[in-house]
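**Q** What follows is a single structure, and I will ask about it in a moment.
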Amino acid sequence: MKVIDATPEHFVQIQAIYAQAVLEGTASFEQTPPSVDDLLERLAAARERGLPYLLAVDGERVHGYAYALPYRARISYQYTIENSVYVAVDSQGKGVGSALMSELIARCEAGPWHQMIAVIGDSANAGSIALHRRHGFRHIGTLERVGRKFDRWLDSVFMQRALKPESAPLKA
């Protein structure tokens, strides 16, 4: 397995991974899976800002993907990004998420960004929380019962990781 940059040809598989997460899981609060075209817009948004959109592949098979986008649109947040990581159900627990997270962090550390935020759907999402913790994220807080999916209330867990030392100068 290797981690590579996503290309539009991969998005049928990416859409299938995300659709399953949307329809069967609580990591995303979306309830209707976005189309391939919708997901390609997310790729374009990442690329437009110089942010990585990565895949874990074995041959032609996509096992998972990870990307970063701006945390918020306001200019004061320009050095803070939010990550997303999704792994195919049959590839979970095999190091795919960790490989993606390592490369995503390394690429973002090389850019101008100073902080990475994870907004994890569902406080019961132990796998994602553990993955982020293993990669240096710390728990910042939990918004309780802010989402509703599958006839139950869900929390959002916020975790944060510095990409640069606190004393690092800002680079534009």
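By order of appearance in the structure tokens: chains A, B, ..., then residues from 1 within every chain, and ligands from 1 in the order shown.
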What's around Val85 (chain A) at 10 Å? Count only C-alpha atoms, leave out sequence neighbours fewer than 6 positions away in its own chain, and write the answer as an mmCIF file with N, CA and C atoms, in the first residue's frame.
**A**
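Listing of part.cif after writing:
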data_model
loop_
_atom_site.group_PDB
_atom_site.id
_atom_site.type_symbol
_atom_site.label_atom_id
_atom_site.label_comp_id
_atom_site.auth_asym_id
_atom_site.auth_seq_id
_atom_site.Cartn_x
_atom_site.Cartn_y
_atom_site.Cartn_z
ATOM 1 N N TYR A 18 -17.095 6.951 1.025
ATOM 2 C CA TYR A 18 -17.805 7.972 1.789
ATOM 3 C C TYR A 18 -19.298 7.678 1.875
ATOM 4 N N ALA A 27 -19.591 9.040 11.655
ATOM 5 C CA ALA A 27 -18.422 9.907 11.555
ATOM 6 C C ALA A 27 -18.772 11.193 10.813
ATOM 7 N N TYR A 53 -4.828 16.304 -0.782
ATOM 8 C CA TYR A 53 -5.958 15.379 -0.848
ATOM 9 C C TYR A 53 -5.325 14.044 -1.234
ATOM 10 N N LEU A 54 -5.244 13.130 -0.300
ATOM 11 C CA LEU A 54 -4.421 11.934 -0.425
ATOM 12 C C LEU A 54 -5.244 10.652 -0.441
ATOM 13 N N LEU A 55 -4.661 9.620 -1.035
ATOM 14 C CA LEU A 55 -5.276 8.296 -1.088
ATOM 15 C C LEU A 55 -4.296 7.254 -0.591
ATOM 16 N N GLY A 64 -8.559 4.111 1.337
ATOM 17 C CA GLY A 64 -8.973 5.231 2.166
ATOM 18 C C GLY A 64 -8.461 6.534 1.592
ATOM 19 N N TYR A 65 -8.912 7.619 2.190
ATOM 20 C CA TYR A 65 -8.472 8.931 1.718
ATOM 21 C C TYR A 65 -8.476 9.915 2.876
ATOM 22 N N ALA A 66 -7.706 10.972 2.704
ATOM 23 C CA ALA A 66 -7.598 12.023 3.722
ATOM 24 C C ALA A 66 -7.323 13.345 3.019
ATOM 25 N N TYR A 67 -7.856 14.397 3.589
ATOM 26 C CA TYR A 67 -7.600 15.716 3.017
ATOM 27 C C TYR A 67 -7.738 16.765 4.100
ATOM 28 N N ALA A 68 -7.294 17.971 3.765
ATOM 29 C CA ALA A 68 -7.439 19.116 4.659
ATOM 30 C C ALA A 68 -8.100 20.242 3.883
ATOM 31 N N VAL A 96 -4.175 1.820 7.554
ATOM 32 C CA VAL A 96 -4.478 2.737 6.443
ATOM 33 C C VAL A 96 -4.656 4.161 6.962
ATOM 34 N N GLY A 97 -5.473 4.324 7.985
ATOM 35 C CA GLY A 97 -5.713 5.659 8.540
ATOM 36 C C GLY A 97 -4.436 6.299 9.051
ATOM 37 N N SER A 98 -3.590 5.520 9.692
ATOM 38 C CA SER A 98 -2.342 6.045 10.227
ATOM 39 C C SER A 98 -1.391 6.476 9.106
ATOM 40 N N LEU A 100 -2.261 7.476 6.109
ATOM 41 C CA LEU A 100 -2.828 8.700 5.542
ATOM 42 C C LEU A 100 -2.582 9.894 6.459
ATOM 43 N N MET A 101 -2.815 9.711 7.750
ATOM 44 C CA MET A 101 -2.658 10.810 8.697
ATOM 45 C C MET A 101 -1.203 11.283 8.750
ATOM 46 N N LEU A 104 -0.553 13.289 5.579
ATOM 47 C CA LEU A 104 -1.330 14.529 5.600
ATOM 48 C C LEU A 104 -0.682 15.554 6.523
ATOM 49 N N ALA A 118 -9.500 18.605 14.164
ATOM 50 C CA ALA A 118 -10.326 17.451 13.793
ATOM 51 C C ALA A 118 -11.679 17.637 14.451
ATOM 52 N N ILE A 120 -14.697 15.424 14.987
ATOM 53 C CA ILE A 120 -15.044 14.010 14.874
ATOM 54 C C ILE A 120 -16.510 13.828 15.227
ATOM 55 N N SER A 128 -11.485 6.760 15.457
ATOM 56 C CA SER A 128 -11.008 8.044 14.963
ATOM 57 C C SER A 128 -10.346 8.848 16.080
ATOM 58 N N LEU A 131 -6.948 7.317 16.620
ATOM 59 C CA LEU A 131 -6.063 7.654 15.502
ATOM 60 C C LEU A 131 -5.511 9.060 15.669
ATOM 61 N N HIS A 132 -6.372 10.004 15.947
ATOM 62 C CA HIS A 132 -5.923 11.386 16.104
ATOM 63 C C HIS A 132 -4.987 11.521 17.313
#
**Q** Name the residues of region 5-131 of chain A that come out as helix (DSSP H, G or I) in a backbone DSSP run; write them as a ChimeraX atom specification.
**A** /A:8-24,36-48,75-77,89-91,96-109,126-131
**Q** Which residues in chain A does DSSP call strand (DSSP E or B)? List them as a ChimeraX atom specification.
**A** /A:2-5,53-58,61-70,80-87,115-121,138-149,152-162
**Q** Which residue gives the smallest distance to Leu154 (chain A) among A:Ser91, A:Thr26, A:Gln13, A:Gln115, with only C-alpha atoms counted?
**A**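 For Leu154 (chain A), the nearest of the candidates is A:Thr26.
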**Q** Would you mind listing what lies within 10 Å of Ile140 (chain A) as a list in words, with only C-alpha atoms counted and same-chain residues fewer than 5 positions away left out?
**A**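 Surrounding residues, per the criterion: Ile117, Ala118, Val157, Phe158, Met159, Gln160 and Arg161 of chain A.
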**Q** So how far away is CA of Glu166 (chain A) from CA of Pro70 (chain A), in Å?
**A**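 Between CA of Pro70 (chain A) and CA of Glu166 (chain A) the gap works out to 19.4 Å.
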**Q** Taking only C-alpha atoms into account, which of A:Ala126, A:Val12, A:Ala168, A:Ala6 comes nearest Pro112 (chain A)?
**A**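 Of A:Ala126, A:Val12, A:Ala168, A:Ala6, the one nearest Pro112 (chain A), counting only C-alpha atoms, is A:Ala168.
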**Q** Could you jot down the CA of Asp58 (chain A) to CA of Met1 (chain A) separation for me, Å, one decimal place?
**A**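 Going from CA of Asp58 (chain A) over to CA of Met1 (chain A) covers 4.5 Å.
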**Q** Out of A:Val3, A:Leu23, A:Arg72, A:Asp155, which residue has the shortest atom-to-atom distance to Gly59 (chain A) when counting only C-alpha atoms?
**A**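 That would be A:Val3, the residue with the smallest distance to Gly59 (chain A).
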**Q** May I have the residues within 12 Å of Tyr79 (chain A) as a VMD selection string, using only C-alpha atoms and disregarding those fewer than 6 positions away in the same chain?
**A** chain A and resid 49 51 68 to 73 108 to 109 111 to 117 162 to 164 169 to 172
**Q** Quick one: distance from CA of His63 (chain A) to CA of Gln15 (chain A) in Å, one decimal?
**A**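 Interatomic distance, CA of His63 (chain A) to CA of Gln15 (chain A): 11.9 Å.
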**Q** A:Val62, A:Ala16, A:Pro8, A:Val22: which is nearest Asp37 (chain A), counting only C-alpha atoms?
**A**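 Ranking A:Val62, A:Ala16, A:Pro8, A:Val22 by distance to Asp37 (chain A), first place goes to A:Pro8.
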